[in-house]
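A short worksheet on the structure shown next.
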Amino acid sequence: MREIIKSKFFIAFIALLFIFALYSGFLISNLSTVTPIDLKIMTSIRTSFDFLPLTLVVLITDFCFTSYFLPILVPLFGLCVYLKKYIPFFCVAIGLIALMHIVSYLKHIVCRDRPDVLLQRIAETGYSYPSGHSTKSFFMGLMLLYLVNSWLKNKKFKYAFSIFIILWMLTVPFTRVWLGVHYPTDVIGGMLLGATWGCFMISLIEYFNNRKISLRK
């Protein structure tokens, strides 16, 4: 147990969890003050990037989110099985399923309404905080960055994949604001939560991998 506590990813998990809790507490306590600021930022983003075609933004926002991340999960899990990396396989799968429930639970605790329907470029229902898409994109992005940098030996491929993943992680939250289905503070909260959960699951992967190595010895 001491090994997991000493892990840099577990320390990052504790730090991010603390930040997320403070951020969420502040947001919930000051919704009436924060929301008008949110709307101004949203309007500025939508005006500045109004040239973007709706079809493209919807394609980006839904990339890997339809059918529970199948476009990413199937190749990733297939690679895990091929390389006999079963620990990452289960950690990603269980982590993602658990995260979906955590997001749903938090949404029903905070009960923040989405932006007015007149601001929405696509129809979305349910509560707004935290942004589920932003949460899952940061969780999956962090997990993929860790696995890519752990498994790939070729530096060029490693950097190329890493840049693509980081761009995807950042673009998904942006699309949620542009589409008018989340406030900027919703996506920030989602990004924090996704990164928090990602650090926790990576610390578990490292812990079980280290135990596996020690048992072999």
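Here, A, B, ... name the chains of the structure tokens in the order displayed, residue numbers run from 1 inside each chain, and ligands are numbered from 1 in the same displayed order.
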
Identify all residues of stretch 7-211 of chain A in alpha helix (DSSP H) (DSSP on the backbone) and supply them as a VMD selection string. chain A and resid 8 to 29 31 to 48 54 to 62 70 to 82 86 to 110 132 to 151 155 to 178 184 to 211

I'd like the neighbourhood of A:Cys91 as a list in words, where a residue qualifies if any of its atoms comes within 10 Å (using only C-alpha atoms), though same-chain residues fewer than 6 positions away should be ignored.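 Selected residues are Ile97, Met143, Gly198, Phe200, Met201, Ile202, Leu204 and Ile205 of chain A.
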
Writing out the chosen residues with N, CA and C atoms as a PDB file, in the first residue's frame:
```pdb
ATOM      1  N   ILE A  97     -16.088   3.030 -16.937  1.00  0.00           N
ATOM      2  CA  ILE A  97     -17.451   2.706 -16.467  1.00  0.00           C
ATOM      3  C   ILE A  97     -17.738   3.421 -15.146  1.00  0.00           C
ATOM      4  N   MET A 143      -4.964   8.608 -20.065  1.00  0.00           N
ATOM      5  CA  MET A 143      -4.646   7.177 -20.102  1.00  0.00           C
ATOM      6  C   MET A 143      -3.886   6.837 -21.390  1.00  0.00           C
ATOM      7  N   GLY A 198      -7.973   9.998 -14.040  1.00  0.00           N
ATOM      8  CA  GLY A 198      -6.919   9.398 -14.855  1.00  0.00           C
ATOM      9  C   GLY A 198      -5.660   9.135 -14.035  1.00  0.00           C
ATOM     10  N   PHE A 200      -5.491   8.650 -10.857  1.00  0.00           N
ATOM     11  CA  PHE A 200      -5.763   7.554  -9.918  1.00  0.00           C
ATOM     12  C   PHE A 200      -5.638   6.195 -10.600  1.00  0.00           C
ATOM     13  N   MET A 201      -6.225   6.072 -11.798  1.00  0.00           N
ATOM     14  CA  MET A 201      -6.179   4.792 -12.498  1.00  0.00           C
ATOM     15  C   MET A 201      -4.760   4.454 -12.953  1.00  0.00           C
ATOM     16  N   ILE A 202      -3.973   5.449 -13.342  1.00  0.00           N
ATOM     17  CA  ILE A 202      -2.575   5.192 -13.726  1.00  0.00           C
ATOM     18  C   ILE A 202      -1.772   4.733 -12.519  1.00  0.00           C
ATOM     19  N   LEU A 204      -2.917   2.986 -10.127  1.00  0.00           N
ATOM     20  CA  LEU A 204      -3.295   1.573  -9.940  1.00  0.00           C
ATOM     21  C   LEU A 204      -2.568   0.683 -10.935  1.00  0.00           C
ATOM     22  N   ILE A 205      -2.468   1.123 -12.181  1.00  0.00           N
ATOM     23  CA  ILE A 205      -1.749   0.348 -13.199  1.00  0.00           C
ATOM     24  C   ILE A 205      -0.311   0.130 -12.768  1.00  0.00           C
TER      25      ILE A 205
END
```

Counting only C-alpha atoms, what is within 9 Å of A:Met140, bar same-chain residues fewer than 5 positions away, as a PyMOL selection string? chain A and resi 92+96+135+145+169+194-195+198

Closest of A:Ile122, A:Val187, A:Val172, A:Cys199 to A:Thr55 - atom-to-atom distances counting only C-alpha atoms: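 Checking each of A:Ile122, A:Val187, A:Val172, A:Cys199 against A:Thr55, counting only C-alpha atoms, the winner is A:Ile122.
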
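The shell of residues at most 12 Å from A:Thr125, with only C-alpha atoms counted and near chain neighbours (fewer than 2 positions) removed, consists of A:Lys107, A:Arg112, A:Asp113, A:Arg114, A:Pro115, A:Asp116, A:Val117, A:Gln120, A:Ile122, A:Ala123, A:Tyr127, A:Ser128, A:Val181, A:His182.
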
Could you state the separation of atom CA of A:Pro130 and atom CA of A:Thr196 in Å, given to one decimal place? 13.1 Å

Could you please determine the separation between atom CA of A:Phe157 and atom CA of A:Ile60 in Å, to one decimal place? 22.5 Å

Do you know which residues are at most 8 Å from A:Ile87 counting only C-alpha atoms, after dropping those on the same chain fewer than 2 positions away, and could you put them as an MDAnalysis selection string? chainID A and resid 85 89:91 205 208:209

Atoms kept (C-alpha atoms) for selection, written as a PDB file, in the first residue's frame:
```pdb
ATOM      1  CA  LYS A  85      -1.183  -6.014 -21.084  1.00  0.00           C
ATOM      2  CA  PHE A  89      -7.097  -3.300 -20.182  1.00  0.00           C
ATOM      3  CA  PHE A  90      -9.105  -3.719 -16.971  1.00  0.00           C
ATOM      4  CA  CYS A  91      -8.059  -0.374 -15.470  1.00  0.00           C
ATOM      5  CA  ILE A 205      -1.749   0.348 -13.199  1.00  0.00           C
ATOM      6  CA  PHE A 208      -0.299  -3.777 -10.006  1.00  0.00           C
ATOM      7  CA  ASN A 209       2.497  -3.868 -12.577  1.00  0.00           C
TER       8      ASN A 209
END
```

For A:Ile166, list every protein, DNA or RNA residue within 10 Å, evaluated using only C-alpha atoms, and leave out those in the same chain fewer than 6 positions away; present the list as a ChimeraX atom specification. /A:137-138,141-142,144-145

Can I get the selection written as a tab-separated table (two decimals), in the first residue's frame, with N, CA and C atoms?
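Here's the written file selection_13.tsv:
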```tsv
chain	number	residue	atom	x	y	z
A	137	SER	N	-12.99	12.89	-22.08
A	137	SER	CA	-11.89	13.16	-23.01
A	137	SER	C	-10.57	13.33	-22.26
A	138	PHE	N	-10.61	13.97	-21.09
A	138	PHE	CA	-9.37	14.15	-20.32
A	138	PHE	C	-8.95	12.85	-19.65
A	141	GLY	N	-7.75	10.69	-22.61
A	141	GLY	CA	-6.54	11.29	-23.15
A	141	GLY	C	-5.33	11.04	-22.27
A	142	LEU	N	-5.53	11.19	-20.96
A	142	LEU	CA	-4.42	10.96	-20.03
A	142	LEU	C	-3.98	9.50	-20.03
A	144	LEU	N	-4.33	7.37	-22.51
A	144	LEU	CA	-3.68	7.11	-23.79
A	144	LEU	C	-2.27	7.69	-23.83
A	145	LEU	N	-2.10	8.88	-23.29
A	145	LEU	CA	-0.76	9.49	-23.24
A	145	LEU	C	0.19	8.62	-22.43
```

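With distances restricted to only C-alpha atoms, A:Thr185 is the closest residue to A:Ile28 from A:Ser203, A:Asn210, A:Ser134, A:Thr185.
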
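Using only C-alpha atoms, the shortest contact distance between A:Phe10 and any of A:Lys155, A:Trp197, A:Asp186, A:Tyr23 is found at A:Trp197.
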
A:Pro36: which residues within 12 Å, counting only C-alpha atoms, same-chain residues fewer than 6 positions away excluded, as a list of chain:residue names?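 These residues fall inside the cut-off: A:Asn30, A:Met42, A:Thr43, A:Pro115, A:Tyr183, A:Pro184, A:Thr185.
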
Now that the selection is made, can you save its residues with C-alpha atoms as an mmCIF file, in the first residue's frame?
```cif
data_model
loop_
_atom_site.group_PDB
_atom_site.id
_atom_site.type_symbol
_atom_site.label_atom_id
_atom_site.label_comp_id
_atom_site.auth_asym_id
_atom_site.auth_seq_id
_atom_site.Cartn_x
_atom_site.Cartn_y
_atom_site.Cartn_z
ATOM 1 C CA ASN A 30 -21.439 31.354 -6.465
ATOM 2 C CA MET A 42 -19.384 31.697 -24.226
ATOM 3 C CA THR A 43 -20.622 34.570 -26.414
ATOM 4 C CA PRO A 115 -27.456 27.088 -20.980
ATOM 5 C CA TYR A 183 -20.822 26.710 -19.699
ATOM 6 C CA PRO A 184 -17.024 27.259 -19.680
ATOM 7 C CA THR A 185 -16.947 26.455 -15.960
#
```
